[in-house]
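Chemist: Sharing a structure below in structure tokens format, with a few things to ask.
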Amino acid sequence: MIDISINFSQNSAGSIKDEKLIYPAANRNKEPILQVLKRFMTPHEDCTEEKNPLFLEIASGSGQHVFHFAPHFPTIKFQPTEVDHSLLGSINYYAKNCPTRNILPPILVDICNRLNRYGLKENSIDYLYCANMIHISPYVCTIGLFENAGLYLKHDALMITYGPYSKDGIIVPESNVEFDLSLRTRNPLWGLRDINDLKKVGEKNNLTLIDTVEMPANNKTLIWKKN
Ligand SMILES: C[S@@+](CC[C@H](N)C(=O)[O-])C[C@H]1O[C@@H](n2cnc3c(N)ncnc32)[C@H](O)[C@@H]1O
């Protein structure tokens, strides 16, 4: 068992009831995403306790993803975060029940803010992970994600983003076109983002897209490296 103490200034999960939520989509995609993580993340098997690498998840939702990933990387500290206070209880439930005990209690994080507000230091994150937020939030959240990745990831560290994207302005297949339309109907500021636009935001923030992995259900995992 590793020591998962970390200098985060806040644990906002305190008074929330730990009620486990199950997102069917997360149950379907957690294993394919894990297989991609295993390809790109190093196992860090021989790191000392005080040097456990940090995997920061933005927009954790229910908390199912880190719960599925963490036992496969027992020396990595997983820090789930969410902007929606009502989800912290579920994330905390999963964190507390992780058999390898390497998930920290969730913290409230709005990715539009600089991460130093939550006690993080620049160049301190080994992996930044964000699934299904980029298209279900205003574009300023995507900008915030990339700006924070540029500032807070270590040199050569990875940001991993998962979800549906358009490429060269084209959305395929038709089901994703319909999904994009339904998102924009719910909120005009939401919608699928174009990989070329994201690459430009990446360039501004010292992030290079090093791989695009095709995933089930017309999703992609994008692997970004901090220069
Ligand atoms: C579709 S859910 C994805 C949850 C989870 N990552 C998954 O794939 O199952 C999108 C999440 O983005 C979060 N979110 C929206 N705006 C955010 C922001 N500004 N900062 C952090 N998270 C945000 C929402 O609260 C929501 O939980």
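Ordered as shown in the structure tokens, chains take letters A, B, and onward, while each chain numbers its residues from 1 and ligands are numbered from 1 in the order shown.
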Could you build a table of the residues in chain A lying no more than 10 Å from ligand 1, giving for each the nearest pair of atoms and their separation in Å rounded to one decimal place, using only C-alpha atoms and all ligand atoms, ordered by chain and ascending residue number, as a tab-separated table?
Modeler:
residue	atom	partner	partner_atom_place_in_ligand_line	distance
A:Ile22	CA	ligand 1	9 (O)	9.0
A:Tyr23	CA	ligand 1	9 (O)	6.4
A:Pro24	CA	ligand 1	9 (O)	8.6
A:Ala25	CA	ligand 1	9 (O)	6.7
A:Ala26	CA	ligand 1	9 (O)	4.8
A:Asn27	CA	ligand 1	9 (O)	8.5
A:Arg28	CA	ligand 1	9 (O)	9.9
A:Asn29	CA	ligand 1	8 (O)	8.3
A:Lys30	CA	ligand 1	8 (O)	8.5
A:Glu57	CA	ligand 1	6 (N)	8.1
A:Ile58	CA	ligand 1	21 (C)	5.7
A:Ala59	CA	ligand 1	22 (N)	3.8
A:Ser60	CA	ligand 1	6 (N)	4.4
A:Gly61	CA	ligand 1	4 (C)	3.6
A:Ser62	CA	ligand 1	9 (O)	6.3
A:Gly63	CA	ligand 1	5 (C)	7.2
A:Gln64	CA	ligand 1	9 (O)	7.1
A:His65	CA	ligand 1	9 (O)	6.9
A:Val66	CA	ligand 1	6 (N)	9.5
A:Pro80	CA	ligand 1	6 (N)	9.6
A:Thr81	CA	ligand 1	21 (C)	7.4
A:Glu82	CA	ligand 1	22 (N)	5.1
A:Val83	CA	ligand 1	21 (C)	4.5
A:Asp84	CA	ligand 1	25 (O)	4.6
A:His85	CA	ligand 1	25 (O)	8.3
A:Ser86	CA	ligand 1	25 (O)	9.0
A:Leu87	CA	ligand 1	27 (O)	7.3
A:Leu88	CA	ligand 1	27 (O)	9.9
A:Leu108	CA	ligand 1	21 (C)	8.2
A:Val109	CA	ligand 1	21 (C)	5.8
A:Asp110	CA	ligand 1	20 (N)	3.7
A:Ile111	CA	ligand 1	20 (N)	4.0
A:Cys112	CA	ligand 1	19 (N)	5.4
A:Asn113	CA	ligand 1	19 (N)	8.2
A:Tyr129	CA	ligand 1	6 (N)	8.8
A:Cys130	CA	ligand 1	6 (N)	6.2
A:Ala131	CA	ligand 1	6 (N)	4.3
A:Asn132	CA	ligand 1	3 (C)	4.6
A:Met133	CA	ligand 1	12 (O)	4.3
A:Ile134	CA	ligand 1	12 (O)	7.8
A:His135	CA	ligand 1	1 (C)	8.4
A:Ile136	CA	ligand 1	10 (C)	5.9
A:Ser137	CA	ligand 1	16 (N)	5.1
A:Pro138	CA	ligand 1	16 (N)	7.4
A:Tyr139	CA	ligand 1	19 (N)	9.5
A:Val140	CA	ligand 1	19 (N)	8.0
A:Cys141	CA	ligand 1	19 (N)	5.1
A:Thr142	CA	ligand 1	19 (N)	8.5
A:Gly144	CA	ligand 1	19 (N)	8.1
A:Leu145	CA	ligand 1	20 (N)	8.3
A:Thr161	CA	ligand 1	6 (N)	9.7
A:Tyr162	CA	ligand 1	8 (O)	7.9
A:Gly163	CA	ligand 1	8 (O)	8.0
Chemist: Would you mind writing down, as a list in words, each residue of region 42-126 of chain A that DSSP on the backbone assigns to alpha helix (DSSP H)?
Modeler: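 Written out, the alpha helix (DSSP H) residues of region 42-126 of chain A are Gln64, His65, Val66, Phe67, His68, Phe69, Leu88, Gly89, Ser90, Ile91, Asn92, Tyr93, Tyr94, Ala95 and Lys96 of chain A.
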Chemist: Write the residues of the preceding selection, restricted to N, CA and C atoms, as an mmCIF file, in the first residue's frame.
Modeler:
data_model
loop_
_atom_site.group_PDB
_atom_site.id
_atom_site.type_symbol
_atom_site.label_atom_id
_atom_site.label_comp_id
_atom_site.auth_asym_id
_atom_site.auth_seq_id
_atom_site.Cartn_x
_atom_site.Cartn_y
_atom_site.Cartn_z
ATOM 1 N N GLN A 64 -16.171 6.459 -11.839
ATOM 2 C CA GLN A 64 -15.942 5.082 -12.298
ATOM 3 C C GLN A 64 -14.607 4.918 -13.025
ATOM 4 N N HIS A 65 -14.191 5.935 -13.783
ATOM 5 C CA HIS A 65 -12.975 5.764 -14.587
ATOM 6 C C HIS A 65 -11.746 5.545 -13.708
ATOM 7 N N VAL A 66 -11.497 6.448 -12.753
ATOM 8 C CA VAL A 66 -10.290 6.253 -11.922
ATOM 9 C C VAL A 66 -10.383 4.955 -11.111
ATOM 10 N N PHE A 67 -11.601 4.601 -10.697
ATOM 11 C CA PHE A 67 -11.777 3.356 -9.936
ATOM 12 C C PHE A 67 -11.334 2.148 -10.777
ATOM 13 N N HIS A 68 -11.602 2.214 -12.067
ATOM 14 C CA HIS A 68 -11.207 1.116 -12.960
ATOM 15 C C HIS A 68 -9.703 1.160 -13.267
ATOM 16 N N PHE A 69 -9.155 2.370 -13.392
ATOM 17 C CA PHE A 69 -7.749 2.486 -13.816
ATOM 18 C C PHE A 69 -6.766 2.240 -12.660
ATOM 19 N N LEU A 88 -19.473 14.620 -5.937
ATOM 20 C CA LEU A 88 -18.308 14.281 -5.109
ATOM 21 C C LEU A 88 -18.556 13.056 -4.241
ATOM 22 N N GLY A 89 -19.806 12.848 -3.804
ATOM 23 C CA GLY A 89 -20.119 11.692 -2.952
ATOM 24 C C GLY A 89 -19.880 10.384 -3.698
ATOM 25 N N SER A 90 -20.300 10.342 -4.954
ATOM 26 C CA SER A 90 -20.092 9.121 -5.739
ATOM 27 C C SER A 90 -18.600 8.895 -5.997
ATOM 28 N N ILE A 91 -17.902 9.958 -6.350
ATOM 29 C CA ILE A 91 -16.456 9.805 -6.607
ATOM 30 C C ILE A 91 -15.764 9.340 -5.329
ATOM 31 N N ASN A 92 -16.187 9.897 -4.210
ATOM 32 C CA ASN A 92 -15.585 9.517 -2.930
ATOM 33 C C ASN A 92 -15.864 8.056 -2.601
ATOM 34 N N TYR A 93 -17.073 7.599 -2.928
ATOM 35 C CA TYR A 93 -17.417 6.186 -2.707
ATOM 36 C C TYR A 93 -16.413 5.298 -3.450
ATOM 37 N N TYR A 94 -16.203 5.608 -4.729
ATOM 38 C CA TYR A 94 -15.273 4.789 -5.518
ATOM 39 C C TYR A 94 -13.849 4.924 -4.971
ATOM 40 N N ALA A 95 -13.454 6.146 -4.596
ATOM 41 C CA ALA A 95 -12.080 6.347 -4.090
ATOM 42 C C ALA A 95 -11.850 5.497 -2.844
ATOM 43 N N LYS A 96 -12.840 5.516 -1.937
ATOM 44 C CA LYS A 96 -12.677 4.789 -0.664
ATOM 45 C C LYS A 96 -12.659 3.276 -0.864
#
Chemist: Find, counting only C-alpha atoms, the residue in A:Asp156, A:Asp197, A:Asp46, A:Glu174 that gets nearest to Lys226 (chain A).
Modeler: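 For Lys226 (chain A), the nearest of the candidates is A:Asp156.
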Chemist: So how many Å separate CA of Gly150 (chain A) and CA of Asp194 (chain A), to one decimal?
Modeler: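 Result for CA of Gly150 (chain A) versus CA of Asp194 (chain A): 19.3 Å, one decimal.
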Chemist: Please run DSSP on the backbone and report, as a PyMOL selection string, all residues within chain A that come out as strand (DSSP E).
Modeler: chain A and resi 54-58+77-82+107-108+125-131+153-163+165-166+193-194+207-215+219-226
Chemist: Let me make sure I understand: among A:Asn52, A:Thr221, A:Asn148, A:Thr75, which one has the smallest atom-to-atom distance to Tyr118 (chain A) if we use only C-alpha atoms?
Modeler: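 Selected residue with least distance to Tyr118 (chain A): A:Asn148.
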Chemist: Quick one: residues within 9 Å of Lys204 (chain A), only C-alpha atoms counted, chain neighbours fewer than 3 positions away excluded, as an MDAnalysis selection string?
Modeler: chainID A and resid 146:147 150 199:201 207
Chemist: For Trp224 (chain A), work out the shell of residues within 6 Å, counting only C-alpha atoms and skipping chain neighbours fewer than 6 positions away, then give it as number ranges by chain.
Modeler: A: 158-159, 207-210
Chemist: I'd like the interatomic distance between CA of Ile125 (chain A) and CA of Ala149 (chain A), to a tenth of an Å.
Modeler: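 Computing the Euclidean distance for CA of Ile125 (chain A) and CA of Ala149 (chain A) yields 8.5 Å.
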Chemist: With distances taken over only C-alpha atoms, which residue among A:Pro74, A:Gly191, A:Pro53, A:Pro32 lies nearest Ser166 (chain A)?
Modeler: A:Gly191
Chemist: Please tabulate, as JSON lines, the residues of region 123-199 of chain A that come within 8 Å of region 214-219 of chain A, each with its closest pair of atoms and the distance in Å to one decimal, counting only C-alpha atoms and ordering rows by chain, then residue number upward.
Modeler:
{"residue": "A:Tyr162", "atom": "CA", "partner": "A:Asn219", "partner_atom": "CA", "distance": 7.1}
{"residue": "A:Gly163", "atom": "CA", "partner": "A:Asn219", "partner_atom": "CA", "distance": 5.1}
{"residue": "A:Pro164", "atom": "CA", "partner": "A:Asn219", "partner_atom": "CA", "distance": 4.4}
{"residue": "A:Tyr165", "atom": "CA", "partner": "A:Asn219", "partner_atom": "CA", "distance": 7.2}
{"residue": "A:Val172", "atom": "CA", "partner": "A:Asn218", "partner_atom": "CA", "distance": 7.9}
{"residue": "A:Pro173", "atom": "CA", "partner": "A:Asn218", "partner_atom": "CA", "distance": 7.5}
{"residue": "A:Asn176", "atom": "CA", "partner": "A:Asn218", "partner_atom": "CA", "distance": 7.5}
Chemist: Output N, CA and C atoms of each residue in that selection to a file, as a PDB file, in the first residue's frame.
Modeler:
ATOM      1  N   TYR A 162     -10.495  12.136 -24.068  1.00  0.00           N
ATOM      2  CA  TYR A 162     -11.324  11.094 -24.698  1.00  0.00           C
ATOM      3  C   TYR A 162     -12.695  11.674 -25.029  1.00  0.00           C
ATOM      4  N   GLY A 163     -13.215  11.295 -26.192  1.00  0.00           N
ATOM      5  CA  GLY A 163     -14.570  11.705 -26.562  1.00  0.00           C
ATOM      6  C   GLY A 163     -14.729  11.695 -28.070  1.00  0.00           C
ATOM      7  N   PRO A 164     -15.856  12.222 -28.576  1.00  0.00           N
ATOM      8  CA  PRO A 164     -16.029  12.346 -30.018  1.00  0.00           C
ATOM      9  C   PRO A 164     -15.479  13.699 -30.492  1.00  0.00           C
ATOM     10  N   TYR A 165     -14.886  13.717 -31.659  1.00  0.00           N
ATOM     11  CA  TYR A 165     -14.318  14.954 -32.227  1.00  0.00           C
ATOM     12  C   TYR A 165     -14.655  14.997 -33.711  1.00  0.00           C
ATOM     13  N   VAL A 172     -18.110  12.502 -38.547  1.00  0.00           N
ATOM     14  CA  VAL A 172     -18.598  11.199 -39.005  1.00  0.00           C
ATOM     15  C   VAL A 172     -18.748  10.284 -37.800  1.00  0.00           C
ATOM     16  N   PRO A 173     -19.636   9.293 -37.868  1.00  0.00           N
ATOM     17  CA  PRO A 173     -20.679   9.073 -38.873  1.00  0.00           C
ATOM     18  C   PRO A 173     -21.910   9.934 -38.563  1.00  0.00           C
ATOM     19  N   ASN A 176     -22.906  10.713 -34.972  1.00  0.00           N
ATOM     20  CA  ASN A 176     -22.177  11.783 -34.283  1.00  0.00           C
ATOM     21  C   ASN A 176     -22.665  13.170 -34.723  1.00  0.00           C
TER      22      ASN A 176
END
Chemist: Which of these, A:Leu153, A:Lys167, A:Leu115, A:Leu222, has the shortest distance to Leu37 (chain A) once you count only C-alpha atoms?
Modeler: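 That would be A:Leu222, the residue with the smallest distance to Leu37 (chain A).
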Chemist: Quick check, in Å to one decimal: how far apart do CA of Glu203 (chain A) and CA of Tyr152 (chain A) lie?
Modeler: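 Going from CA of Glu203 (chain A) over to CA of Tyr152 (chain A) covers 15.5 Å.
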